[in-house]
Each structure stands twice: as C-alpha cells, then as structure tokens.
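Below is one structure; the comments refer to it alone.
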There are 4 protein chains.
Amino acid sequence: MAIIKRTNRLRSEDNTGFGANSSNSAGRFYDRKRGQPNIAKRGVGILDRYSWYHTVLGMHRAKFLLLIFCVYILANLAFASIYCLIGIKHLSGINSGSALKNFTEVFFFSTQTFTTVGYGRISPTGFLTSAVSTFEAFLGLLSFAIATGLFYGRFSRPRAFLKFSDNALIAPYKDGTALMFRMSPFKNNILSEAEVKLTTGIQIKENGKMANKFYPLGIEISKINSLALSWTIVHPINEKSPFYGFGPDDIKKTKIEVLVFVQAFDEVFSNTVVERTSYISEEIVWGAKFKLMYHPSEDKTTTILNLKKLNEFERVEMPIPVLSSETIP
Amino acid sequence: MAIIKRTNRLRSEDNTGFGANSSNSAGRFYDRKRGQPNIAKRGVGILDRYSWYHTVLGMHRAKFLLLIFCVYILANLAFASIYCLIGIKHLSGINSGSALKNFTEVFFFSTQTFTTVGYGRISPTGFLTSAVSTFEAFLGLLSFAIATGLFYGRFSRPRAFLKFSDNALIAPYKDGTALMFRMSPFKNNILSEAEVKLTTGIQIKENGKMANKFYPLGIEISKINSLALSWTIVHPINEKSPFYGFGPDDIKKTKIEVLVFVQAFDEVFSNTVVERTSYISEEIVWGAKFKLMYHPSEDKTTTILNLKKLNEFERVEMPIPVLSSETIP
Amino acid sequence: MAIIKRTNRLRSEDNTGFGANSSNSAGRFYDRKRGQPNIAKRGVGILDRYSWYHTVLGMHRAKFLLLIFCVYILANLAFASIYCLIGIKHLSGINSGSALKNFTEVFFFSTQTFTTVGYGRISPTGFLTSAVSTFEAFLGLLSFAIATGLFYGRFSRPRAFLKFSDNALIAPYKDGTALMFRMSPFKNNILSEAEVKLTTGIQIKENGKMANKFYPLGIEISKINSLALSWTIVHPINEKSPFYGFGPDDIKKTKIEVLVFVQAFDEVFSNTVVERTSYISEEIVWGAKFKLMYHPSEDKTTTILNLKKLNEFERVEMPIPVLSSETIP
Amino acid sequence: MAIIKRTNRLRSEDNTGFGANSSNSAGRFYDRKRGQPNIAKRGVGILDRYSWYHTVLGMHRAKFLLLIFCVYILANLAFASIYCLIGIKHLSGINSGSALKNFTEVFFFSTQTFTTVGYGRISPTGFLTSAVSTFEAFLGLLSFAIATGLFYGRFSRPRAFLKFSDNALIAPYKDGTALMFRMSPFKNNILSEAEVKLTTGIQIKENGKMANKFYPLGIEISKINSLALSWTIVHPINEKSPFYGFGPDDIKKTKIEVLVFVQAFDEVFSNTVVERTSYISEEIVWGAKFKLMYHPSEDKTTTILNLKKLNEFERVEMPIPVLSSETIP
C-alpha cells in the first residue's frame, strides 16, 4: 500500500505512551468527551482503582451536590437508628408517639446534632446517647470540613475552558494544503503562553500485521503569547507530513487519529492548564475552510468573539493529490 | 509612507494571539485597567460565558462581601417564607402577633438555623418544618463551606502587586535614544527571577488596507534576579527597532501599542505571577527621563523606595531624527 | 577487580546529593517503602526536627483520623476537668449525682461547647465558667478550621499514584542486553509529560578503601507524552553502561543500587508530581523479561490494563558475558 | 587599588535588581534574618503598603494565634456594647444585676452567638437585638471561614526549611583556595533538583566615587538531584573569581556581600521553594574548613545527619596570596 511507503520515509515517534502493536489495544486512543486516554484498568480493587478525590473533582456539579446530600441523609438515618436502639427515653423533650413519629423526632434531633444547630428542645440525657451525640457532632463538623475542602478543590481546580472545533479541515494553504482545526477559550479566563503539540496515530500494515505508528505533525505557529481570540492550528501537508499525498478517500479508509495536546498558563489561577482532544478520520473534512469568528464592536472600542461560529466552515474546491492511493497501487 | 518601509525591514511577530487584519478588531489590544485582552465574547449563554469562580476572585473586596451578605439575607427570606407557608404553628416558642411580627420571628429562626446558632427559644415541631430546617442547616453549612473556599481562593490568589509608570518615555540612551518605562512592587511581597517581554502592535497600511503588525522589542536587561527596587525597562531605539527614526509626530500619528508582559516568581506564594499592561501612542512621552525613586535611609542601614515618584520624570532636550516622516516623503 | 577498571572508563556523577565516601554512610540510599532518602537527622530538637504539616500529610488515613479523634477527646477531658475545678454549681441544668456522673455531664457539656452544638440543657452561669466556655467554643472552631485545612491538604496533595515492578530485569534487548523495570499509574489520575532519570550507585574499592560511585544510566525512551499504559524503562547495557560485561554473579556480589526518579504532570491537580524508588542487587533478576499487561476489551472499544501483571515476568536464556569478573581477574 | 584592577577584568552582572550607584542605597543588600532584600517602601498608604495576607503568612505562630484571639475578644466586646445600647430587656433569660454583671452576661451571649454555640439560656427577643445577632452569627461564621483559610495558607505555605552555616569559609581546595559554605534541610521535608546561584556585591571606587559592582561566582556543583544530606557550596577562587588574589585583609577591608539564592523542588508540597541568604565580609572566615556532619548509624542501616555540626569548622594553614593588596599598591 502506498501509504506505508510514504509514511515509512518519516521518523515515527515512540514516546506517545501508546503501544505500537495494534492488536494489543482497541478503540480511539483518546476518549474525546473526557479528554483522557481511552484505557480501563483492572487488577486493582475497586477501592484502590480510583482516587476518590480525582473522581469527586471530575464529577458533574449536580451529581456532586446530590452525593453530599445523600451522605448527609444516610449518616443521619444511621445515627437516628442508633439513638432508637439505645432508647428514646434517654432523649429529654421528645414528643413521643407512634414508632414512625418517634423515629422522625430522633432523626431531626440527629440532624440538629450533625449540623451543630442544637436547638435544645430535644437533648440527650443518658450516657450512651450523650456519647453518641458527642461523636455525631464531631463527625458532622469533620464532614463539613471535608465538604469545604471538596468545594474548594472543585472550583479552584485549574481548567483550560477551551472549546475545540468539532471537525478538523483540510483546506488550501499557501501553495498546497493544510490540516486545520481551531480552539477558543469560552469563559472569562485569561490564557497566556499557549502551546500546542500534534501527533498522529496511523494504523498501517507492517510485515503482514496491523501496527500503530505515531508521527509528530509540524505546526505553522505552535505557541502564542495570549490565547484570547480563536486560534487556528495549521499543520501544512508538505513532504514532511505523514498525510502528504492523501486524498479524501485515503483519509476515510485509513485509521487516523490526530492527538491534540494544549498547554497554557492561566493568569487567574497562576497555574499551567492542559487540555486534550483528538480527531479521527470521520471528523476530518476534506476541502473546507473556517469562517472568521470575530469582528469589531459597533462602537469600535472592543473586539467581539462569537463562539457559536467556532465550527462554522465553508466548502472550497481543492484538487485531489495525484499521489493518492487511488492512482498508485 | 516611510514608516512602512522601515518596519518592513523587520521580521514581524505572528504569535501574539491578535489578528493581523485590523478591520476585524477594534480598540486597544489590552484593556490597561484590567490588564487583560480587550475582547468581549458572544455566542455562549450568560451562565457559560463566565467562570463564576474567576469572576468572584477578580471582584472588588467590598462588592464581594456585599454579595455574600445579600445571598445570606435572600436565602433566609426564602426559608422564612417557606416556614410561613407551612404554618408558624409548627414552630414552638414563637411570640406570635401581627403578620409582620410573625414573619420577622420566623426570619430570625431561619437565620439561627442557617448559621447553626440554634438558640432553641424557637424550635421546629412539625414534620415539614423540621425537614425544612434540617435542609436549611445543611445548606447553611455548605454555604459557609463555599464561602470559606472563596475567601481562601481570593486571598491566596497569586498576584504580582506591580505598579507601572503611567507613561513610557523616549529618553536619550547611550549614543541614541530608548523607549523606557518602569515598574515597582508596591507591597511587602518578594519577587524574584522577573522577566519582561515587549511587543509592539503598529497599524500600518499594507496593499491599500490597514493591517496590524506586531514586532518584538529588544530590551537591554530583560531578566533580573530580584525585583525589589524600581525596574526601568529600556528598549534601545536602534536599527532593529520598529521605532527607529520616529520623531515625536510619527509616534502621535501612528497607532502604536506597546504590549508589556511581566512574569516573576513570588517567594511567599511560591508561585509564578504575571502582569500585563500596554502603552498606546498618547501615553508615550518624547524627550523625558525618569527621576531616581530610591535613596539611603537616614541611619544608612537600609534603602528607601518612594513609590510616589514612580511616574516622576523630567523633560530633556533631544534632537528629532532626520529620518522622521516629516522630512522623508 | 575488573569492575573497577570498567567503571573507571566512565564519568561518574557527583551531584546525587549522596556522599562519595562509603564509610560515612550506611544502608540503602533510598528507603524504597517511603520513596525517600534513607537518612536520619540529629542535633535538632524533636519539635524542630519535623514539619508537623509534612508529617500529618504523609500519615496513613486511619492514623490521621484517630489522631484527630484523640485530640478531640483529650481537649474535652481537659476542659471538663477545668469546669469541675471551677465547680459544677456554675452550670445550670446539670443532673448532678455521683462524682463520675457529674464529670460525664460536664464532659458532654464540654463537647457540646467545643463542637458549638450547644443544646442548652446545660448552660454556664458563673463568670469563670462562662469565660472558659467562651474560650472553648473559640478553640473548638479553630480546631475544626485547622482540621479543614489538614483534610484539604491531605487530599489535594499531588501524588503520582505510580506502582513500580518489584524487580528490575536483565533481559535480551536488540543485539545485547538491557536492564528493565516498569511502572504503571494505578488510579484514575492522568499523567502527561512523564520523564524518568536513572542513576546507579556502585560501591567499589578505590585506593584501598570502599567508595560510593554514581553513574547516570542511559535510557532508550526517557520521556513520554502520556503515561496511561504501563511504561517499561529500558537501560541498554552497552559500552557506556557501568554494568557492561556484568554477569549474574557480578550483580549479586557488587553493592549496586539503581536510583529511579520519575517526574510527571498530573492533569487533574495541574501540578508536577514526583516519585522515587530504587532497586538493589537482590532485586535485579538476570535473564527474564516482562509479560505484556494490556489487551483490547472484548467489544474492541477500549484497552484494558491489568495491574496485577505489573511484576509478571518469564525466564529467558541469556549468555553470560565473557568479560565477567569470573573470567577476568 | 589593586582590587579594582582585578575585578575590572571580569564582566560584572547588571541584573541583580540592585542599583550600581552605592550612594543611592545603604546597608546590606539582603536582610539575612528575614532572607529578603533590605529595602523599605514609602509613598504608599499604610493600608496599601502591605499585603495583609503576605504579612499574616510570615507572622510568628504565637503572634498569629494572639492576633486571632484579640480579634475574637474585640469583636465580642463591640457586639456586647451594641446589645447593651439597644437594651438588655430585649434579651430573654438574662440574670440581670449590676451594670458590670449585665455586660458580662451580654458579652457571653455575644460569644455564644459569634461562635454559633447558642445554648439558648439567653436568647434575643426584640427586633433590633435579633437583627444584630443575625448579623453577628453571620460575621462569626465568616470570621472562622477566613481563619480557616489563614491556617491553611500558613501551614501549606511552601518553605525550604534550610539552615545555612553562619560563616562562609575560605579553605584550601585542589591546588588553590575556594570560598565555601554549607546548607542542610532541617526538617522531614524532601528537596530535590536543588540549584544554587551565587552573586557577589563588591563596593569599589570607580571614577572617584564608590559604586556597587556585582559579579557572578562560579560553583563546582551548582545543582544536585536530592538535597538530603548537607550540601557544601564550593566557589573556587581562580582567575575567573573576583576574589582572586584576595588575602584575609582584603576581605576585611572591602565591603563584600555574597548573595545566595537556593531553589529546590519540595516533593511533599509538589512546589518550588526558594531560600535566600547572604554573607558579608565579617562573616567570611579565612583559613578554615568544615567538619563532616554525617556518619553511619550504629546498626549500619541508615545515615545520621547531625545538624548541630552545621557550622563546625577547623582552622587550616593557608599561604596568603602574593597578589594581596598589601603587596601590590
């Protein structure tokens, strides 16, 4: 196959962290939605497999709040049960009645202890009940100490808040063509010293079996001082590119994945943030170019960046390379 | 125009993150007051457009405290309304009276629950009221957990605490002239390994239309070990400078913006801090030099840095360059 | 001895931070379990010798929780004693009885104050008792403020979560042999830009006395973009290696320690994490190679990494070098 | 003077951040005790001059705790006064008596509100009193939120915990002499990738007036992988050194200050830490060398580092250079 011959000219990259033998791995290299390598782990217990802190930090906000609330309710149900087991006669001030009524009274006493509200209408009198409530108040405060840490950990977690175009385009560029995609910060964060690295994984037949080959992709401007507007990454498809001579069909037929790694400095967090994404063959559009996404404001005092246009492109006519695998056996 | 010829000799910089086509953008590149790129975003919902954490961190202190207090009052008004809707008869110990009196009693019960003070003069008895107060105490504690995180986030946020002179000066320097401005840390923070980068944006006519051109500006000493005194940044206007041959009128007539990016290591926060500013044509003073702003203490044991003098300069006579656009067509 | 002659060809490294004179130090250089240099400190007071924050951060979770609970109990025992000394008559609402009964009542009053539950069944009336409880509530809140910080410090502490193979292997590699070991992240953390440095410490006789010599070890791929799968570090034993010509007996007889230093960027913490380990002679296996530890998932959509196989290796036949110290005097 | 001739051979450093004109500054460059540049600031208001967060972080522990306690007492005195002004009849449950008795009762009610203990023996009934207590409980919680942040900020603040020898020594080294000093980490923190930079400031007469000249000092090993034992920094006094040819009297008579800047990576904090110190002429000892400060443990399993010996040195005979200013006019 022609692709192999062409890619063989190039020095492949062997430090991607992914294996070269394609029969040992499967699926995309990157899970695009999570922006993480597409790998599952086995052989460690469920408790050891996850860093609960990493998990909680990555959780959706609603899920996180629900989790905290559930822990709160469950803890109080557990303590209410303990108080009932000890006997409600050790709680002064309770309006006793049916078993359910008693349990709810005890449950509310428990929540008043856990949150340290302690109205005092109900208060513990016996030794055991007092001891348990002593422990519960302690546990309650610690729980909120942990919650405080989790909240802070969540919202102080440095994130790049970058949106990538859904597609990478192959567009005319200077005398030839180039692979392009673009990104834009979508929040009021300020990124500087942004840098991008591109690597492509290509599955090719080597010595009779399929292998993953990785190639670095050259970029016109791979570093910018200030990432405030949209940034179009341009990989010129010249002789140094593994895609040189590829026509639209070569791209479709070959298992390609362009791995994108962006690193920038967030000036508010004063921290380095990274973001990953990838484009596979199906996400690469042949013969299209991006539309401009910013324009001056009406009063000419500022520049407006329209994020809705991030993935807007228009078709352009482009000649199909003569080196295409269609023409070369 | 002569300026174009001269700047064309130089290699322009294309990694500033700002567009080259001046008709697509407007206003200053940097909003000097905020120290941020002068760009507004559209096309994302109001909720997605801002990282609320970045917003809260950048807020003025008084505004931030007011915000927290308002949230506190509004939350308690809401809970007080809920308790009133359920019925105040489910709250024991209330001194009932007029509707307003009742509402204030309930409001104060609510605040006592939200803050977990829980005096207990008023306490919930019914199921619904107890359940709501259980939820309120939980929410109250979480709110203060979040407030704790915000306070810490605000005051631990690494900032450079740098003041820049209001003007950049063009002063005699060695055999020629130089563009100078200075900066000084104004608090008891300690900055080391400070580094400065200068880029200038110049609007020039190219092929009949106005374009933004960016040029790096060389600096005499662009890195210092310890930023404790004032630091004067000196860009010598020699043949490598885009301002070479500029007279006072050229500077006035041309749309110039000198972009300043300072990076330093804060030894207390143990973190890198950055600061941005810019000087436009109107802020550049021709023929002036800064006055010294530090002197020995009276007892000769320390050095005094007077920050009031940061922008103090004196006029100096300087010959107007012969290459000036006034003399060359 | 032949080893000395061979290692003398090589430039040793003198910036390891460990001394060259082996009679001044003892034991392994690295304590492998703690991943820290094997050094004890004297000459500073017990209070100054430890950074209690570093100590608490490194403590096992159960030990940490127990510590906090003990502080809580001890603080309340102390305050209960103070209240008893002042006299329980200054506490209204107490159910007095035997001395023990009184003490437990006072103890629970103390915990209710320390945690700020404050049911109010028991409340202070006298001046001294009120003053002590004022101080106790203050201290209680500060304690939980500190606990909050410790919890956050513990779970936000950047760690690499890397597991290393128990053994380093000497396996056939290309035309010769190589020293290999491997590592793998075992949690759902994402590491990028991982880099490894290898140094070996060898104890050799020099001018009649034993000395520590350190040599950098070359690595085939010392940096990878994404540390998601297992990573096998390969040090080719060629002429530049201090182990060149070593047979299995040379390794056993020589006091060798391979020092491993891994640095990576954790994308969730947005921070650099480091990890250290070392392999001594006894942990180096001659003639073995690692088994593959990942495979495609059944539905071919992802790659499965089996961490149980991290140290699985199989024996391989390998010729013993002719340069071996057995054959050369 | 001979010193000027000799130092003039060398390229001076102009990026120290200190001025060259010695008549503009006074005293040591570095305040050795604080490890900070010896500079005072004027011209900014007292409130703007200090970053209170930097101040609180650098404060001694006892002072910090006292500060927090004073704020607590003062805030409660203020609130107690407000409650008294409104009238104690709006507080139910008060044991009224003399004015002082009333004030203490109100003061304790205030502390119970501020800490949210809220026993409830005393509780607010009137509108104003309730409103003030609502605000006080809010303020109390915020205060403890801020205290939480300060505690965390204080103990998570990355510090190098390095001790430097009190003196720098001039000792025989190889064929000549060298300026040496040493440092050692004194706590259970782990520092890696430590790097040291040395600059010397020398006051010399230039064109008739005294000027500060700065010279970089070369170091034998300026970077080590692991800073676990003591680290002796060696600046060989060869022809490239500004001290070349200096005798003991030259050092005494010249105003010398050796500026030390250490940077390392703390593996627990996962952060870069820096430390500064300086040695002036009086702190430099001619003809002395350090004693070894570590030895094997008795059971030969670990290495013991004795920090008491950090500054222990012994006198050595050394020839006085022939180039000394005593012999050359």
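Order determines the names: the first chain of the structure tokens is A, the second B, and so forth; residues in each chain are numbered 1 upward, and ligands are numbered 1 upward as they are shown.
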
- Considering only C-alpha atoms, extract the chain D residues located within 6 Å of chain C and return them as a PyMOL selection string. chain D and resi 117-120+148+152+187-188+224-227+295-296+300-308

- Message: Which residues are near segment 216-223 of chain A? Cut-off 8 Å, only C-alpha atoms, ignore same chain within fewer than 4 positions. Put them as a PyMOL selection string.
- Response: (chain A and resi 12-13+193-200+233-236+240-242) or (chain B and resi 14-15)

For N, CA and C atoms, I'd like the residues from the last selection saved as a PDB file, in the first residue's frame.
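In the end it all went to result-v1.pdb:
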```
ATOM      1  N   SER A  12       9.116   7.856  12.887  1.00  0.00           N
ATOM      2  CA  SER A  12       7.935   7.784  13.749  1.00  0.00           C
ATOM      3  C   SER A  12       8.335   8.142  15.176  1.00  0.00           C
ATOM      4  N   GLU A  13       7.312   8.435  15.959  1.00  0.00           N
ATOM      5  CA  GLU A  13       7.512   8.882  17.332  1.00  0.00           C
ATOM      6  C   GLU A  13       7.201   7.692  18.237  1.00  0.00           C
ATOM      7  N   GLU A 193       0.835  32.250  26.929  1.00  0.00           N
ATOM      8  CA  GLU A 193       1.898  31.295  26.615  1.00  0.00           C
ATOM      9  C   GLU A 193       1.327  29.936  26.244  1.00  0.00           C
ATOM     10  N   ALA A 194       0.307  29.946  25.391  1.00  0.00           N
ATOM     11  CA  ALA A 194      -0.321  28.692  24.975  1.00  0.00           C
ATOM     12  C   ALA A 194       0.561  27.967  23.967  1.00  0.00           C
ATOM     13  N   GLU A 195       0.598  26.660  24.098  1.00  0.00           N
ATOM     14  CA  GLU A 195       1.432  25.859  23.213  1.00  0.00           C
ATOM     15  C   GLU A 195       0.652  24.613  22.814  1.00  0.00           C
ATOM     16  N   VAL A 196       0.807  24.213  21.572  1.00  0.00           N
ATOM     17  CA  VAL A 196       0.070  23.041  21.120  1.00  0.00           C
ATOM     18  C   VAL A 196       1.034  22.011  20.541  1.00  0.00           C
ATOM     19  N   LYS A 197       0.742  20.740  20.781  1.00  0.00           N
ATOM     20  CA  LYS A 197       1.535  19.659  20.190  1.00  0.00           C
ATOM     21  C   LYS A 197       0.584  18.732  19.455  1.00  0.00           C
ATOM     22  N   LEU A 198       0.964  18.347  18.244  1.00  0.00           N
ATOM     23  CA  LEU A 198       0.136  17.443  17.454  1.00  0.00           C
ATOM     24  C   LEU A 198       0.903  16.165  17.161  1.00  0.00           C
ATOM     25  N   THR A 199       0.230  15.058  17.348  1.00  0.00           N
ATOM     26  CA  THR A 199       0.799  13.769  16.984  1.00  0.00           C
ATOM     27  C   THR A 199      -0.298  13.021  16.255  1.00  0.00           C
ATOM     28  N   THR A 200       0.050  12.264  15.246  1.00  0.00           N
ATOM     29  CA  THR A 200      -0.993  11.467  14.632  1.00  0.00           C
ATOM     30  C   THR A 200      -0.682   9.996  14.810  1.00  0.00           C
ATOM     31  N   ILE A 233      -5.028  26.173  14.432  1.00  0.00           N
ATOM     32  CA  ILE A 233      -3.789  25.405  14.352  1.00  0.00           C
ATOM     33  C   ILE A 233      -3.647  24.914  12.923  1.00  0.00           C
ATOM     34  N   VAL A 234      -2.506  25.176  12.322  1.00  0.00           N
ATOM     35  CA  VAL A 234      -2.297  24.833  10.914  1.00  0.00           C
ATOM     36  C   VAL A 234      -1.157  23.828  10.781  1.00  0.00           C
ATOM     37  N   HIS A 235      -1.488  22.633  10.316  1.00  0.00           N
ATOM     38  CA  HIS A 235      -0.440  21.652  10.013  1.00  0.00           C
ATOM     39  C   HIS A 235      -0.306  21.575   8.497  1.00  0.00           C
ATOM     40  N   PRO A 236       0.752  22.165   7.918  1.00  0.00           N
ATOM     41  CA  PRO A 236       0.893  22.152   6.456  1.00  0.00           C
ATOM     42  C   PRO A 236       1.192  20.726   5.969  1.00  0.00           C
ATOM     43  N   LYS A 240       7.026  16.586   4.612  1.00  0.00           N
ATOM     44  CA  LYS A 240       7.366  16.076   5.938  1.00  0.00           C
ATOM     45  C   LYS A 240       6.135  15.556   6.689  1.00  0.00           C
ATOM     46  N   SER A 241       4.978  15.736   6.084  1.00  0.00           N
ATOM     47  CA  SER A 241       3.749  15.327   6.759  1.00  0.00           C
ATOM     48  C   SER A 241       3.402  13.880   6.407  1.00  0.00           C
ATOM     49  N   PRO A 242       2.945  13.084   7.350  1.00  0.00           N
ATOM     50  CA  PRO A 242       2.531  11.708   7.023  1.00  0.00           C
ATOM     51  C   PRO A 242       1.293  11.697   6.124  1.00  0.00           C
TER      52      PRO A 242
ATOM     53  N   ASP B  14       4.104  36.817  14.642  1.00  0.00           N
ATOM     54  CA  ASP B  14       2.734  36.412  14.327  1.00  0.00           C
ATOM     55  C   ASP B  14       2.141  35.508  15.402  1.00  0.00           C
ATOM     56  N   ASN B  15       2.759  35.507  16.568  1.00  0.00           N
ATOM     57  CA  ASN B  15       2.225  34.640  17.621  1.00  0.00           C
ATOM     58  C   ASN B  15       1.731  35.437  18.830  1.00  0.00           C
TER      59      ASN B  15
END
```

- Query: What are the DSSP helix (DSSP H, G or I) residues of segment 85-283 of chain B, as a PyMOL selection string?
  - Reply: chain B and resi 85-86+88-90+99-114+127-155+248-253+281-283

- Item | Residues flagged strand (DSSP E or B) by DSSP in segment 135-326 of chain B, as a ChimeraX atom specification | /B:162-164,168-173,176-185,191-206,209-217,223-227,231-236,255-266,271-280,284-286,288-290,294-296,303-306,313-315

- Message: Applying 7 Å and only C-alpha atoms, which residues near segment 201-208 of chain A remain after dropping the ones on its own chain fewer than 4 positions away? List them as a list in words.
- Response: Ile4, Asn212, Lys213, Phe214, Tyr215, Thr254, Lys255, Ile256, Glu257 and Val258 of chain A

- Query: Rounded to one decimal in Å, what is the spacing between atom CA of Leu179 of chain A and atom CA of Val285 of chain A?
  - Reply: 9.2 Å
